[in-house]
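Novice: query_13.tsv is reproduced in full below (TSV, C-alpha atoms (C1' of nucleotides)).
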```
chain	number	residue	atom	x	y	z
A	1	MET	CA	34.99	2.10	43.11
A	2	ASN	CA	34.48	-0.76	40.77
A	3	SER	CA	36.92	-0.74	37.91
A	4	LYS	CA	39.73	1.12	36.28
A	5	HIS	CA	39.36	4.83	35.82
A	6	VAL	CA	40.99	6.31	32.78
A	7	ALA	CA	41.46	9.81	31.50
A	8	PHE	CA	38.40	10.70	29.55
A	9	ASP	CA	37.81	13.89	27.62
A	10	ASP	CA	35.01	15.56	25.75
A	11	LEU	CA	35.93	13.98	22.43
A	12	ASP	CA	35.73	10.53	23.98
A	13	ARG	CA	32.31	11.35	25.30
A	14	LYS	CA	31.11	12.46	21.88
A	15	ILE	CA	32.45	9.27	20.32
A	16	VAL	CA	30.62	7.17	22.89
A	17	ALA	CA	27.44	9.12	22.29
A	18	ALA	CA	27.73	8.59	18.54
A	19	LEU	CA	28.27	4.86	18.93
A	20	ILE	CA	25.37	4.53	21.34
A	21	ALA	CA	23.16	6.30	18.82
A	22	ASN	CA	24.33	3.97	16.06
A	23	ALA	CA	26.98	1.35	16.61
A	24	ARG	CA	27.54	1.04	12.88
A	25	THR	CA	28.40	4.68	12.25
A	26	SER	CA	31.69	4.84	10.40
A	27	PHE	CA	34.70	6.29	12.19
A	28	ALA	CA	35.12	8.66	9.28
A	29	GLU	CA	31.64	10.07	9.82
A	30	ILE	CA	32.14	10.45	13.55
A	31	GLY	CA	35.44	12.15	12.89
A	32	ALA	CA	33.84	14.60	10.49
A	33	ALA	CA	31.26	15.47	13.11
A	34	ILE	CA	33.71	16.14	15.92
A	35	GLY	CA	36.73	17.39	13.99
A	36	LEU	CA	39.01	14.39	14.07
A	37	SER	CA	40.44	12.02	11.46
A	38	ALA	CA	38.99	8.54	11.11
A	39	THR	CA	42.28	7.17	12.38
A	40	ALA	CA	42.11	9.13	15.59
A	41	VAL	CA	38.50	8.13	16.16
A	42	LYS	CA	39.31	4.48	15.69
A	43	ARG	CA	42.19	4.65	18.14
A	44	ARG	CA	40.00	6.30	20.74
A	45	ALA	CA	37.15	3.88	20.16
A	46	ASP	CA	39.54	0.94	20.49
A	47	ARG	CA	40.89	2.37	23.72
A	48	LEU	CA	37.39	2.89	25.08
A	49	ARG	CA	36.58	-0.71	24.23
A	50	GLU	CA	39.83	-1.83	25.83
A	51	ASN	CA	39.04	0.00	29.05
A	52	ASP	CA	35.54	-1.45	29.09
A	53	VAL	CA	33.97	1.96	28.95
A	54	ILE	CA	32.33	0.51	25.87
A	55	THR	CA	31.49	-3.10	26.73
A	56	GLY	CA	30.29	-4.18	23.32
A	57	TYR	CA	28.20	-3.49	20.27
A	58	THR	CA	24.78	-5.00	19.93
A	59	ALA	CA	21.66	-4.98	17.81
A	60	THR	CA	18.60	-3.90	19.73
A	61	VAL	CA	15.52	-5.93	18.94
A	62	ARG	CA	11.83	-5.75	19.58
A	63	PRO	CA	11.41	-8.87	21.73
A	64	ALA	CA	7.76	-9.25	20.76
A	65	ALA	CA	8.82	-9.60	17.15
A	66	LEU	CA	10.88	-12.61	18.14
A	67	GLY	CA	8.09	-14.19	20.11
A	68	TRP	CA	8.99	-12.90	23.58
A	69	SER	CA	5.71	-11.19	24.31
A	70	THR	CA	5.64	-11.54	28.09
A	71	GLU	CA	7.75	-9.61	30.55
A	72	ALA	CA	7.77	-9.36	34.33
A	73	PHE	CA	9.74	-8.31	37.36
A	74	VAL	CA	10.04	-10.88	40.11
A	75	GLU	CA	10.98	-10.18	43.70
A	76	VAL	CA	12.78	-13.11	45.27
A	77	TYR	CA	12.79	-13.90	48.98
A	78	CYS	CA	15.26	-16.41	50.34
A	79	ASP	CA	15.56	-18.61	53.41
A	80	GLY	CA	17.92	-17.04	55.91
A	81	ALA	CA	20.85	-15.03	54.67
A	82	ALA	CA	21.04	-15.15	50.89
A	83	PRO	CA	24.63	-15.13	49.70
A	84	PRO	CA	24.75	-13.18	46.43
A	85	ARG	CA	27.25	-15.76	45.16
A	86	ARG	CA	24.74	-18.58	45.41
A	87	LEU	CA	21.97	-16.38	44.09
A	88	ALA	CA	24.04	-15.62	41.02
A	89	GLU	CA	24.46	-19.33	40.35
A	90	VAL	CA	20.72	-19.88	40.54
A	91	VAL	CA	20.02	-16.98	38.25
A	92	ARG	CA	22.36	-18.30	35.59
A	93	ASN	CA	20.37	-21.54	35.45
A	94	HIS	CA	17.40	-19.80	33.86
A	95	PRO	CA	18.01	-18.19	30.50
A	96	GLU	CA	14.68	-16.36	30.70
A	97	ILE	CA	16.17	-14.15	33.42
A	98	THR	CA	17.57	-11.22	31.46
A	99	SER	CA	18.65	-9.13	34.42
A	100	ALA	CA	19.07	-9.77	38.13
A	101	MET	CA	20.23	-7.65	41.01
A	102	THR	CA	20.20	-7.30	44.74
A	103	VAL	CA	18.19	-4.35	45.94
A	104	THR	CA	17.25	-2.44	49.05
A	105	GLY	CA	13.89	-3.25	50.60
A	106	GLY	CA	12.46	-6.54	51.74
A	107	ALA	CA	13.35	-8.68	48.76
A	108	ASP	CA	16.70	-10.41	48.44
A	109	ALA	CA	16.79	-9.93	44.70
A	110	LEU	CA	14.88	-8.47	41.81
A	111	LEU	CA	14.72	-10.36	38.52
A	112	HIS	CA	13.70	-9.22	35.09
A	113	VAL	CA	12.17	-12.13	33.20
A	114	ARG	CA	11.15	-12.54	29.58
A	115	ALA	CA	8.90	-15.35	28.39
A	116	THR	CA	7.03	-16.20	25.24
A	117	ASP	CA	3.62	-16.11	26.89
A	118	VAL	CA	1.95	-16.35	30.27
A	119	GLY	CA	2.11	-20.13	30.25
A	120	HIS	CA	5.83	-20.03	29.66
A	121	PHE	CA	6.24	-17.44	32.39
A	122	GLU	CA	4.39	-19.62	34.86
A	123	GLU	CA	6.70	-22.49	34.02
A	124	VAL	CA	9.76	-20.30	34.58
A	125	LEU	CA	8.37	-19.17	37.89
A	126	GLU	CA	7.82	-22.73	39.02
A	127	ARG	CA	11.37	-23.59	38.06
A	128	ILE	CA	12.71	-20.65	40.04
A	129	ARG	CA	10.61	-21.46	43.08
A	130	ALA	CA	11.86	-25.02	43.00
A	131	GLU	CA	15.41	-23.81	43.57
A	132	PRO	CA	16.86	-24.83	46.97
A	133	PHE	CA	16.66	-21.78	49.17
A	134	ILE	CA	14.01	-19.68	47.43
A	135	ARG	CA	11.24	-19.07	49.93
A	136	LYS	CA	8.77	-17.04	47.90
A	137	THR	CA	8.44	-14.81	44.87
A	138	ILE	CA	6.23	-11.86	44.03
A	139	SER	CA	5.68	-11.07	40.39
A	140	TYR	CA	4.80	-7.85	38.63
A	141	MET	CA	3.79	-8.33	35.01
A	142	VAL	CA	4.72	-5.55	32.65
A	143	LEU	CA	1.59	-4.23	30.94
A	144	SER	CA	2.89	-1.49	28.67
A	145	HIS	CA	5.99	0.60	28.15
A	146	LEU	CA	5.87	4.37	28.65
A	147	LEU	CA	9.12	5.08	26.82
A	148	PRO	CA	10.31	4.04	23.35
A	149	ASP	CA	12.64	1.82	25.34
A	150	SER	CA	15.45	2.95	23.13
A	151	ALA	CA	18.88	2.34	24.55
A	152	GLU	CA	18.24	0.82	27.91
A	153	ALA	CA	21.90	-0.03	28.07
A	154	GLY	CA	23.23	3.44	28.69
A	155	ALA	CA	21.75	6.54	30.10
A	156	ARG	CA	19.94	8.64	27.57
A	157	GLU	CA	22.85	11.00	27.36
A	158	ALA	CA	26.33	9.66	27.16
A	159	ALA	CA	27.65	11.55	30.13
A	160	PRO	CA	26.32	13.35	33.17
A	161	ASP	CA	27.82	16.78	32.73
A	162	ASP	CA	31.42	15.95	33.36
A	163	ALA	CA	31.31	13.71	36.35
A	164	ALA	CA	33.25	11.14	34.38
A	165	ASN	CA	36.66	12.68	33.93
A	166	LEU	CA	37.51	13.77	37.45
A	167	HIS	CA	39.99	11.02	38.16
B	1	MET	CA	-1.01	-8.09	18.55
B	2	ASN	CA	1.18	-5.10	18.46
B	3	SER	CA	2.99	-4.68	15.18
B	4	LYS	CA	3.49	-6.23	11.79
B	5	HIS	CA	4.26	-9.89	11.66
B	6	VAL	CA	6.53	-10.99	8.88
B	7	ALA	CA	7.76	-14.31	7.65
B	8	PHE	CA	10.79	-15.22	9.64
B	9	ASP	CA	12.95	-18.27	9.24
B	10	ASP	CA	15.82	-19.92	10.98
B	11	LEU	CA	18.46	-18.04	9.00
B	12	ASP	CA	16.94	-14.73	10.03
B	13	ARG	CA	17.07	-15.83	13.61
B	14	LYS	CA	20.74	-16.72	13.33
B	15	ILE	CA	21.49	-13.37	11.74
B	16	VAL	CA	19.72	-11.57	14.57
B	17	ALA	CA	21.61	-13.64	17.12
B	18	ALA	CA	24.92	-12.79	15.46
B	19	LEU	CA	24.14	-9.08	15.39
B	20	ILE	CA	23.03	-9.11	19.02
B	21	ALA	CA	26.30	-10.77	19.95
B	22	ASN	CA	28.26	-8.18	17.99
B	23	ALA	CA	26.58	-5.48	15.97
B	24	ARG	CA	29.78	-4.85	14.04
B	25	THR	CA	30.24	-8.37	12.76
B	26	SER	CA	30.65	-8.21	9.00
B	27	PHE	CA	27.91	-9.65	6.83
B	28	ALA	CA	30.55	-11.77	5.13
B	29	GLU	CA	31.49	-13.38	8.43
B	30	ILE	CA	27.89	-14.02	9.37
B	31	GLY	CA	27.32	-15.50	5.94
B	32	ALA	CA	30.28	-17.83	6.32
B	33	ALA	CA	28.92	-19.03	9.64
B	34	ILE	CA	25.43	-19.80	8.41
B	35	GLY	CA	26.11	-20.74	4.79
B	36	LEU	CA	24.99	-17.63	2.96
B	37	SER	CA	26.69	-15.00	0.83
B	38	ALA	CA	27.40	-11.60	2.28
B	39	THR	CA	24.88	-10.07	-0.09
B	40	ALA	CA	22.10	-12.32	1.11
B	41	VAL	CA	22.93	-11.59	4.72
B	42	LYS	CA	22.87	-7.86	4.08
B	43	ARG	CA	19.51	-8.01	2.35
B	44	ARG	CA	18.03	-10.02	5.20
B	45	ALA	CA	19.51	-7.71	7.81
B	46	ASP	CA	18.13	-4.69	5.98
B	47	ARG	CA	14.71	-6.30	5.84
B	48	LEU	CA	14.83	-7.14	9.54
B	49	ARG	CA	15.73	-3.52	10.26
B	50	GLU	CA	12.95	-2.34	7.96
B	51	ASN	CA	10.39	-4.48	9.76
B	52	ASP	CA	11.62	-3.24	13.12
B	53	VAL	CA	12.54	-6.71	14.23
B	54	ILE	CA	15.93	-5.11	14.67
B	55	THR	CA	15.26	-1.63	16.06
B	56	GLY	CA	18.81	-0.33	15.93
B	57	TYR	CA	22.47	-0.89	16.62
B	58	THR	CA	24.05	0.48	19.75
B	59	ALA	CA	27.21	0.44	21.79
B	60	THR	CA	26.70	-0.95	25.27
B	61	VAL	CA	28.51	0.98	27.95
B	62	ARG	CA	29.37	0.52	31.60
B	63	PRO	CA	27.35	3.37	33.08
B	64	ALA	CA	29.63	3.63	36.09
B	65	ALA	CA	32.52	4.39	33.75
B	66	LEU	CA	30.61	7.40	32.50
B	67	GLY	CA	29.78	8.61	35.97
B	68	TRP	CA	26.34	7.05	36.36
B	69	SER	CA	27.04	5.07	39.49
B	70	THR	CA	23.57	5.02	41.05
B	71	GLU	CA	20.61	3.01	39.89
B	72	ALA	CA	17.15	2.39	41.32
B	73	PHE	CA	13.66	1.18	40.59
B	74	VAL	CA	10.85	3.49	41.63
B	75	GLU	CA	7.23	2.50	42.09
B	76	VAL	CA	4.88	5.37	41.33
B	77	TYR	CA	1.43	5.78	42.82
B	78	CYS	CA	-0.97	8.32	41.32
B	79	ASP	CA	-4.05	10.21	42.46
B	80	GLY	CA	-7.18	8.55	41.10
B	81	ALA	CA	-7.04	6.85	37.73
B	82	ALA	CA	-3.67	7.34	36.13
B	83	PRO	CA	-3.98	7.66	32.37
B	84	PRO	CA	-0.90	6.08	30.81
B	85	ARG	CA	-0.89	8.91	28.27
B	86	ARG	CA	-0.31	11.52	30.95
B	87	LEU	CA	2.16	9.31	32.76
B	88	ALA	CA	4.21	8.98	29.60
B	89	GLU	CA	4.41	12.76	29.32
B	90	VAL	CA	5.68	13.06	32.86
B	91	VAL	CA	8.24	10.34	32.33
B	92	ARG	CA	9.67	12.07	29.28
B	93	ASN	CA	10.36	15.16	31.35
B	94	HIS	CA	13.12	13.42	33.30
B	95	PRO	CA	16.07	12.17	31.27
B	96	GLU	CA	17.30	10.12	34.23
B	97	ILE	CA	14.38	7.75	33.71
B	98	THR	CA	15.79	5.13	31.39
B	99	SER	CA	12.81	2.82	31.36
B	100	ALA	CA	9.20	3.13	32.49
B	101	MET	CA	6.23	0.83	32.33
B	102	THR	CA	2.83	0.13	33.77
B	103	VAL	CA	2.71	-3.05	35.81
B	104	THR	CA	0.34	-5.29	37.69
B	105	GLY	CA	0.21	-4.84	41.45
B	106	GLY	CA	-0.53	-1.78	43.51
B	107	ALA	CA	1.74	0.67	41.74
B	108	ASP	CA	0.61	2.63	38.70
B	109	ALA	CA	4.04	2.54	37.14
B	110	LEU	CA	7.54	1.24	37.62
B	111	LEU	CA	10.50	3.41	36.67
B	112	HIS	CA	14.14	2.54	36.17
B	113	VAL	CA	16.28	5.53	37.11
B	114	ARG	CA	19.97	6.23	36.68
B	115	ALA	CA	21.78	8.99	38.54
B	116	THR	CA	25.35	10.02	39.11
B	117	ASP	CA	25.18	9.55	42.87
B	118	VAL	CA	22.72	9.36	45.73
B	119	GLY	CA	22.44	13.13	45.93
B	120	HIS	CA	21.51	13.34	42.31
B	121	PHE	CA	19.02	10.50	42.74
B	122	GLU	CA	17.33	12.32	45.59
B	123	GLU	CA	17.02	15.39	43.43
B	124	VAL	CA	15.44	13.36	40.63
B	125	LEU	CA	13.03	11.81	43.08
B	126	GLU	CA	11.97	15.23	44.37
B	127	ARG	CA	11.40	16.39	40.83
B	128	ILE	CA	9.24	13.36	40.07
B	129	ARG	CA	7.23	13.73	43.26
B	130	ALA	CA	6.56	17.35	42.44
B	131	GLU	CA	4.72	16.34	39.27
B	132	PRO	CA	0.96	17.09	39.38
B	133	PHE	CA	-0.78	13.84	40.12
B	134	ILE	CA	2.00	11.76	41.66
B	135	ARG	CA	0.84	10.73	45.11
B	136	LYS	CA	3.80	8.79	46.39
B	137	THR	CA	6.85	6.82	45.31
B	138	ILE	CA	8.70	3.84	46.73
B	139	SER	CA	12.31	3.36	45.75
B	140	TYR	CA	14.48	0.29	45.57
B	141	MET	CA	18.16	1.06	45.14
B	142	VAL	CA	20.14	-1.43	43.10
B	143	LEU	CA	23.02	-2.77	45.17
B	144	SER	CA	24.77	-5.21	42.85
B	145	HIS	CA	24.14	-7.04	39.62
B	146	LEU	CA	23.98	-10.83	39.58
B	147	LEU	CA	24.42	-11.17	35.83
B	148	PRO	CA	27.07	-9.73	33.51
B	149	ASP	CA	24.18	-7.57	32.33
B	150	SER	CA	25.18	-8.36	28.81
B	151	ALA	CA	22.49	-7.67	26.28
B	152	GLU	CA	19.56	-6.49	28.30
B	153	ALA	CA	17.95	-5.44	25.08
B	154	GLY	CA	17.03	-8.86	23.80
B	155	ALA	CA	16.54	-12.14	25.48
B	156	ARG	CA	19.72	-14.07	25.95
B	157	GLU	CA	18.88	-16.23	23.00
B	158	ALA	CA	17.58	-14.67	19.86
B	159	ALA	CA	14.47	-16.78	19.66
B	160	PRO	CA	12.31	-18.89	21.93
B	161	ASP	CA	12.51	-22.19	20.10
B	162	ASP	CA	10.37	-21.39	17.13
B	163	ALA	CA	7.51	-19.46	18.58
B	164	ALA	CA	8.44	-16.57	16.32
B	165	ASN	CA	7.69	-17.85	12.85
B	166	LEU	CA	4.20	-19.23	13.30
B	167	HIS	CA	2.37	-16.42	11.57
C	1	DA	C1'	51.62	10.95	23.43
C	2	DA	C1'	48.50	11.93	20.07
C	3	DT	C1'	47.39	13.29	15.41
C	4	DG	C1'	47.20	13.22	10.38
C	5	DA	C1'	48.27	11.35	5.78
C	6	DA	C1'	48.82	7.61	2.68
C	7	DA	C1'	48.36	2.79	1.07
C	8	DG	C1'	46.52	-1.93	0.85
C	9	DG	C1'	42.90	-4.95	1.79
C	10	DC	C1'	38.36	-5.86	3.10
C	11	DG	C1'	33.42	-4.89	3.45
C	12	DG	C1'	29.25	-2.56	2.06
C	13	DT	C1'	26.31	-1.66	-1.73
C	14	DA	C1'	23.95	-1.94	-6.18
C	15	DG	C1'	23.02	-4.22	-10.58
C	16	DG	C1'	22.63	-8.38	-13.23
C	17	DC	C1'	21.71	-13.13	-13.38
D	1	DG	C1'	20.20	-16.33	-3.43
D	2	DC	C1'	24.72	-15.81	-5.93
D	3	DC	C1'	28.32	-13.38	-8.59
D	4	DT	C1'	30.61	-9.28	-10.09
D	5	DA	C1'	32.26	-4.82	-9.74
D	6	DC	C1'	32.90	-0.38	-7.64
D	7	DC	C1'	33.34	2.64	-4.01
D	8	DG	C1'	34.13	3.68	0.61
D	9	DC	C1'	35.77	2.34	5.02
D	10	DC	C1'	38.81	-0.01	8.06
D	11	DT	C1'	43.40	-0.78	9.40
D	12	DT	C1'	48.38	-0.33	9.51
D	13	DT	C1'	52.50	2.19	8.83
D	14	DC	C1'	55.07	6.25	8.99
D	15	DA	C1'	56.06	11.12	9.59
D	16	DT	C1'	54.97	15.26	12.30
D	17	DT	C1'	53.92	18.32	16.34
```
Write out the structure in this file as structure tokens.
Specialist:
Amino acid sequence: MNSKHVAFDDLDRKIVAALIANARTSFAEIGAAIGLSATAVKRRADRLRENDVITGYTATVRPAALGWSTEAFVEVYCDGAAPPRRLAEVVRNHPEITSAMTVTGGADALLHVRATDVGHFEEVLERIRAEPFIRKTISYMVLSHLLPDSAEAGAREAAPDDAANLH
Amino acid sequence: MNSKHVAFDDLDRKIVAALIANARTSFAEIGAAIGLSATAVKRRADRLRENDVITGYTATVRPAALGWSTEAFVEVYCDGAAPPRRLAEVVRNHPEITSAMTVTGGADALLHVRATDVGHFEEVLERIRAEPFIRKTISYMVLSHLLPDSAEAGAREAAPDDAANLH
DNA sequence: AATGAAAGGCGGTAGGC
DNA sequence: GCCTACCGCCTTTCATT
């Protein structure tokens, strides 16, 4: 297991769901919906934030509107054994990498990359390939999205049945 | 081009960046940081929301804390020509699919899937493979993340230099 | 230990300039 | 875009169970 596990009831789950749906919903409104006072909702929300169940509040944007119109996944293959530690360092050098993970299969890592256009993406790719122990990369450009791409952050429901409070 | 393009200046970009960093930051605080009154910040934020530059405000959660401890990417191969329209329908049938897109390369689509555990993931996979014209799938389980996985939603900076306001 | 009620201060919101 | 004013919300304190 990764982190701290804390008691977690149905009300907490509803609060999380409400804040995922709209992070600016007032505590009073959430309370009215679930039968709690605004005070109680705030205390629970603060506790959830404290326990890193909620990791933050963010505005979701349409990247294309900000000029990021190109998106791709990049498989990375390394020379020899690729220590995730070193890989993480490399990844942090390139702000265009929005997500990076180690995965099963042949590749040592899978990157999600955003760029302004294809030219920019090519430049990012060259930069990545110039890193010390990167042997090769395979890119998959994203053509179109099949989902509204709403809240990628969390799952589309706040909790899987009640797998979360069994600790 | 995809959607409406609207005039967009440096102040807007700073407001977006502030709201990505923390969607609950007060307009007064943002205004103080960028030299604007709270009123002006609110009006700009409302306009950005109106134009779908900002698509919403959401709480980011640690999926594992909510019981979603398994994550994978799934390449989907279809029989014959795969109409994205039909693919989108299929994708919407499975709430565990948090993101789905068509991509370059051999696969017809790439899915991002979250499940509570490996057993659940297998069940999701069977459900997907039972869909009419899905021929085969290839899965890549996510092992570990190399970035804090902060704001996946937007790029890590709110704007690529000034590629965004050239319209 | 958690909730609810009350009070003060701050922020969101609309109207006028 | 700023200033003003009002209303509602956030936040703390305290009493209650």
Novice: Considering all atoms listed in the file, give me a table of residues in range 3-112 of chain A that are at most 9 Å from chain C, with the closest atom pair and distance in Å for each, as JSON lines.
Specialist:
```
{"residue": "A:Leu36", "atom": "CA", "partner": "C:DT3", "partner_atom": "C1'", "distance": 8.6}
{"residue": "A:Ser37", "atom": "CA", "partner": "C:DG4", "partner_atom": "C1'", "distance": 7.0}
{"residue": "A:Thr39", "atom": "CA", "partner": "C:DG4", "partner_atom": "C1'", "distance": 8.1}
{"residue": "A:Ala40", "atom": "CA", "partner": "C:DT3", "partner_atom": "C1'", "distance": 6.7}
```
Novice: Go ahead and align chain B to chain A (same sequence, so just pair every C-alpha in order, least squares) and export the moved chain as a compact mmCIF listing (two decimals) with C-alpha atoms, in the frame of the given file.
Specialist:
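File selection35.txt, as written:
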```txt
# COMPACT_ATOMS: atom_id res chain seq x y z
CA MET B 1 35.25 1.97 43.16
CA ASN B 2 34.64 -0.86 40.84
CA SER B 3 36.97 -0.87 37.87
CA LYS B 4 39.80 1.00 36.25
CA HIS B 5 39.41 4.70 35.83
CA VAL B 6 41.01 6.18 32.78
CA ALA B 7 41.47 9.67 31.48
CA PHE B 8 38.41 10.59 29.55
CA ASP B 9 37.76 13.79 27.70
CA ASP B 10 34.94 15.46 25.89
CA LEU B 11 35.84 13.93 22.52
CA ASP B 12 35.67 10.46 24.01
CA ARG B 13 32.27 11.24 25.37
CA LYS B 14 31.04 12.38 21.98
CA ILE B 15 32.40 9.24 20.37
CA VAL B 16 30.59 7.09 22.92
CA ALA B 17 27.40 9.04 22.35
CA ALA B 18 27.67 8.55 18.60
CA LEU B 19 28.25 4.82 18.94
CA ILE B 20 25.35 4.46 21.36
CA ALA B 21 23.12 6.23 18.87
CA ASN B 22 24.31 3.95 16.08
CA ALA B 23 26.97 1.34 16.59
CA ARG B 24 27.53 1.09 12.85
CA THR B 25 28.32 4.73 12.26
CA SER B 26 31.63 4.93 10.42
CA PHE B 27 34.61 6.38 12.24
CA ALA B 28 35.02 8.81 9.35
CA GLU B 29 31.53 10.17 9.91
CA ILE B 30 32.03 10.50 13.64
CA GLY B 31 35.32 12.24 12.98
CA ALA B 32 33.68 14.71 10.62
CA ALA B 33 31.10 15.52 13.26
CA ILE B 34 33.55 16.17 16.06
CA GLY B 35 36.55 17.47 14.13
CA LEU B 36 38.85 14.47 14.16
CA SER B 37 40.29 12.15 11.54
CA ALA B 38 38.88 8.69 11.13
CA THR B 39 42.13 7.22 12.39
CA ALA B 40 41.98 9.18 15.61
CA VAL B 41 38.39 8.18 16.17
CA LYS B 42 39.21 4.53 15.64
CA ARG B 43 42.10 4.62 18.07
CA ARG B 44 39.95 6.27 20.71
CA ALA B 45 37.11 3.84 20.15
CA ASP B 46 39.50 0.91 20.43
CA ARG B 47 40.87 2.31 23.66
CA LEU B 48 37.38 2.82 25.06
CA ARG B 49 36.57 -0.78 24.17
CA GLU B 50 39.84 -1.93 25.73
CA ASN B 51 39.07 -0.12 28.97
CA ASP B 52 35.57 -1.58 29.02
CA VAL B 53 33.99 1.83 28.93
CA ILE B 54 32.35 0.42 25.84
CA THR B 55 31.54 -3.21 26.66
CA GLY B 56 30.34 -4.26 23.24
CA TYR B 57 28.24 -3.54 20.19
CA THR B 58 24.83 -5.08 19.82
CA ALA B 59 21.72 -5.02 17.71
CA THR B 60 18.64 -3.98 19.65
CA VAL B 61 15.58 -6.02 18.84
CA ARG B 62 11.87 -5.83 19.50
CA PRO B 63 11.46 -8.92 21.66
CA ALA B 64 7.82 -9.30 20.70
CA ALA B 65 8.88 -9.67 17.08
CA LEU B 66 10.95 -12.67 18.07
CA GLY B 67 8.15 -14.23 20.06
CA TRP B 68 9.05 -12.93 23.51
CA SER B 69 5.79 -11.20 24.26
CA THR B 70 5.71 -11.51 28.05
CA GLU B 71 7.82 -9.59 30.51
CA ALA B 72 7.83 -9.32 34.29
CA PHE B 73 9.79 -8.27 37.33
CA VAL B 74 10.07 -10.84 40.09
CA GLU B 75 11.01 -10.12 43.69
CA VAL B 76 12.79 -13.06 45.28
CA TYR B 77 12.79 -13.81 48.99
CA CYS B 78 15.25 -16.36 50.38
CA ASP B 79 15.52 -18.53 53.47
CA GLY B 80 17.90 -16.96 55.97
CA ALA B 81 20.84 -14.96 54.70
CA ALA B 82 21.02 -15.09 50.95
CA PRO B 83 24.61 -15.10 49.75
CA PRO B 84 24.75 -13.20 46.47
CA ARG B 85 27.24 -15.78 45.22
CA ARG B 86 24.70 -18.58 45.48
CA LEU B 87 21.95 -16.39 44.11
CA ALA B 88 24.03 -15.65 41.05
CA GLU B 89 24.42 -19.37 40.40
CA VAL B 90 20.69 -19.90 40.57
CA VAL B 91 20.02 -16.99 38.27
CA ARG B 92 22.36 -18.35 35.62
CA ASN B 93 20.37 -21.56 35.50
CA HIS B 94 17.40 -19.83 33.88
CA PRO B 95 18.04 -18.22 30.51
CA GLU B 96 14.72 -16.37 30.71
CA ILE B 97 16.21 -14.15 33.41
CA THR B 98 17.63 -11.25 31.46
CA SER B 99 18.70 -9.14 34.40
CA ALA B 100 19.09 -9.77 38.12
CA MET B 101 20.27 -7.66 41.00
CA THR B 102 20.23 -7.31 44.74
CA VAL B 103 18.23 -4.33 45.93
CA THR B 104 17.30 -2.42 49.04
CA GLY B 105 13.92 -3.21 50.56
CA GLY B 106 12.49 -6.48 51.75
CA ALA B 107 13.37 -8.62 48.76
CA ASP B 108 16.72 -10.37 48.45
CA ALA B 109 16.80 -9.93 44.70
CA LEU B 110 14.92 -8.46 41.79
CA LEU B 111 14.76 -10.34 38.51
CA HIS B 112 13.74 -9.20 35.06
CA VAL B 113 12.21 -12.12 33.18
CA ARG B 114 11.20 -12.55 29.56
CA ALA B 115 8.94 -15.34 28.36
CA THR B 116 7.08 -16.19 25.20
CA ASP B 117 3.67 -16.07 26.85
CA VAL B 118 1.99 -16.29 30.23
CA GLY B 119 2.13 -20.07 30.22
CA HIS B 120 5.83 -20.02 29.66
CA PHE B 121 6.25 -17.39 32.37
CA GLU B 122 4.40 -19.56 34.85
CA GLU B 123 6.68 -22.44 34.02
CA VAL B 124 9.75 -20.27 34.58
CA LEU B 125 8.36 -19.10 37.88
CA GLU B 126 7.78 -22.68 39.03
CA ARG B 127 11.32 -23.56 38.09
CA ILE B 128 12.69 -20.61 40.06
CA ARG B 129 10.57 -21.39 43.10
CA ALA B 130 11.79 -24.96 43.06
CA GLU B 131 15.37 -23.79 43.62
CA PRO B 132 16.78 -24.78 47.05
CA PHE B 133 16.60 -21.73 49.23
CA ILE B 134 13.98 -19.62 47.46
CA ARG B 135 11.20 -18.97 49.95
CA LYS B 136 8.76 -16.97 47.91
CA THR B 137 8.44 -14.73 44.88
CA ILE B 138 6.25 -11.77 44.00
CA SER B 139 5.71 -10.98 40.35
CA TYR B 140 4.85 -7.78 38.57
CA MET B 141 3.85 -8.27 34.96
CA VAL B 142 4.80 -5.49 32.59
CA LEU B 143 1.70 -4.16 30.86
CA SER B 144 3.01 -1.42 28.59
CA HIS B 145 6.11 0.65 28.09
CA LEU B 146 6.00 4.41 28.57
CA LEU B 147 9.25 5.10 26.76
CA PRO B 148 10.43 4.04 23.30
CA ASP B 149 12.76 1.82 25.29
CA SER B 150 15.56 2.98 23.09
CA ALA B 151 18.98 2.35 24.52
CA GLU B 152 18.34 0.81 27.88
CA ALA B 153 21.98 -0.05 28.02
CA GLY B 154 23.32 3.41 28.69
CA ALA B 155 21.79 6.49 30.09
CA ARG B 156 20.00 8.57 27.53
CA GLU B 157 22.91 10.92 27.37
CA ALA B 158 26.40 9.57 27.21
CA ALA B 159 27.68 11.49 30.18
CA PRO B 160 26.32 13.25 33.23
CA ASP B 161 27.73 16.70 32.65
CA ASP B 162 31.34 16.03 33.40
CA ALA B 163 31.24 13.81 36.40
CA ALA B 164 33.12 11.19 34.41
CA ASN B 165 36.52 12.72 33.88
CA LEU B 166 37.40 13.84 37.38
CA HIS B 167 39.86 11.08 38.14
```
Novice: What residues in chain A lie within 7 Å of chain B, counting only C-alpha atoms, written as a VMD selection string?
Specialist: chain A and resid 19 to 24 52 to 63 65 to 67 88 95 to 96 98 to 105 114 116 140 to 147 149 152 to 156 159 to 160 163 to 164
Novice: Set the cut-off to 10 Å and count all atoms listed in the file: what are the residues of chain B that reach chain C? Output as a tab-separated table (two decimals) with C-alpha atoms, in the frame of the given file.
Specialist:
```tsv
chain	number	residue	atom	x	y	z
B	26	SER	CA	30.65	-8.21	9.00
B	27	PHE	CA	27.91	-9.65	6.83
B	28	ALA	CA	30.55	-11.77	5.13
B	38	ALA	CA	27.40	-11.60	2.28
B	39	THR	CA	24.88	-10.07	-0.09
B	42	LYS	CA	22.87	-7.86	4.08
```
Novice: Compile the residues of chain D that lie within 10 Å of chain B, evaluated using only C-alpha atoms (C1' of nucleotides), and express the compilation as a PyMOL selection string.
Specialist: chain D and resi 1-3
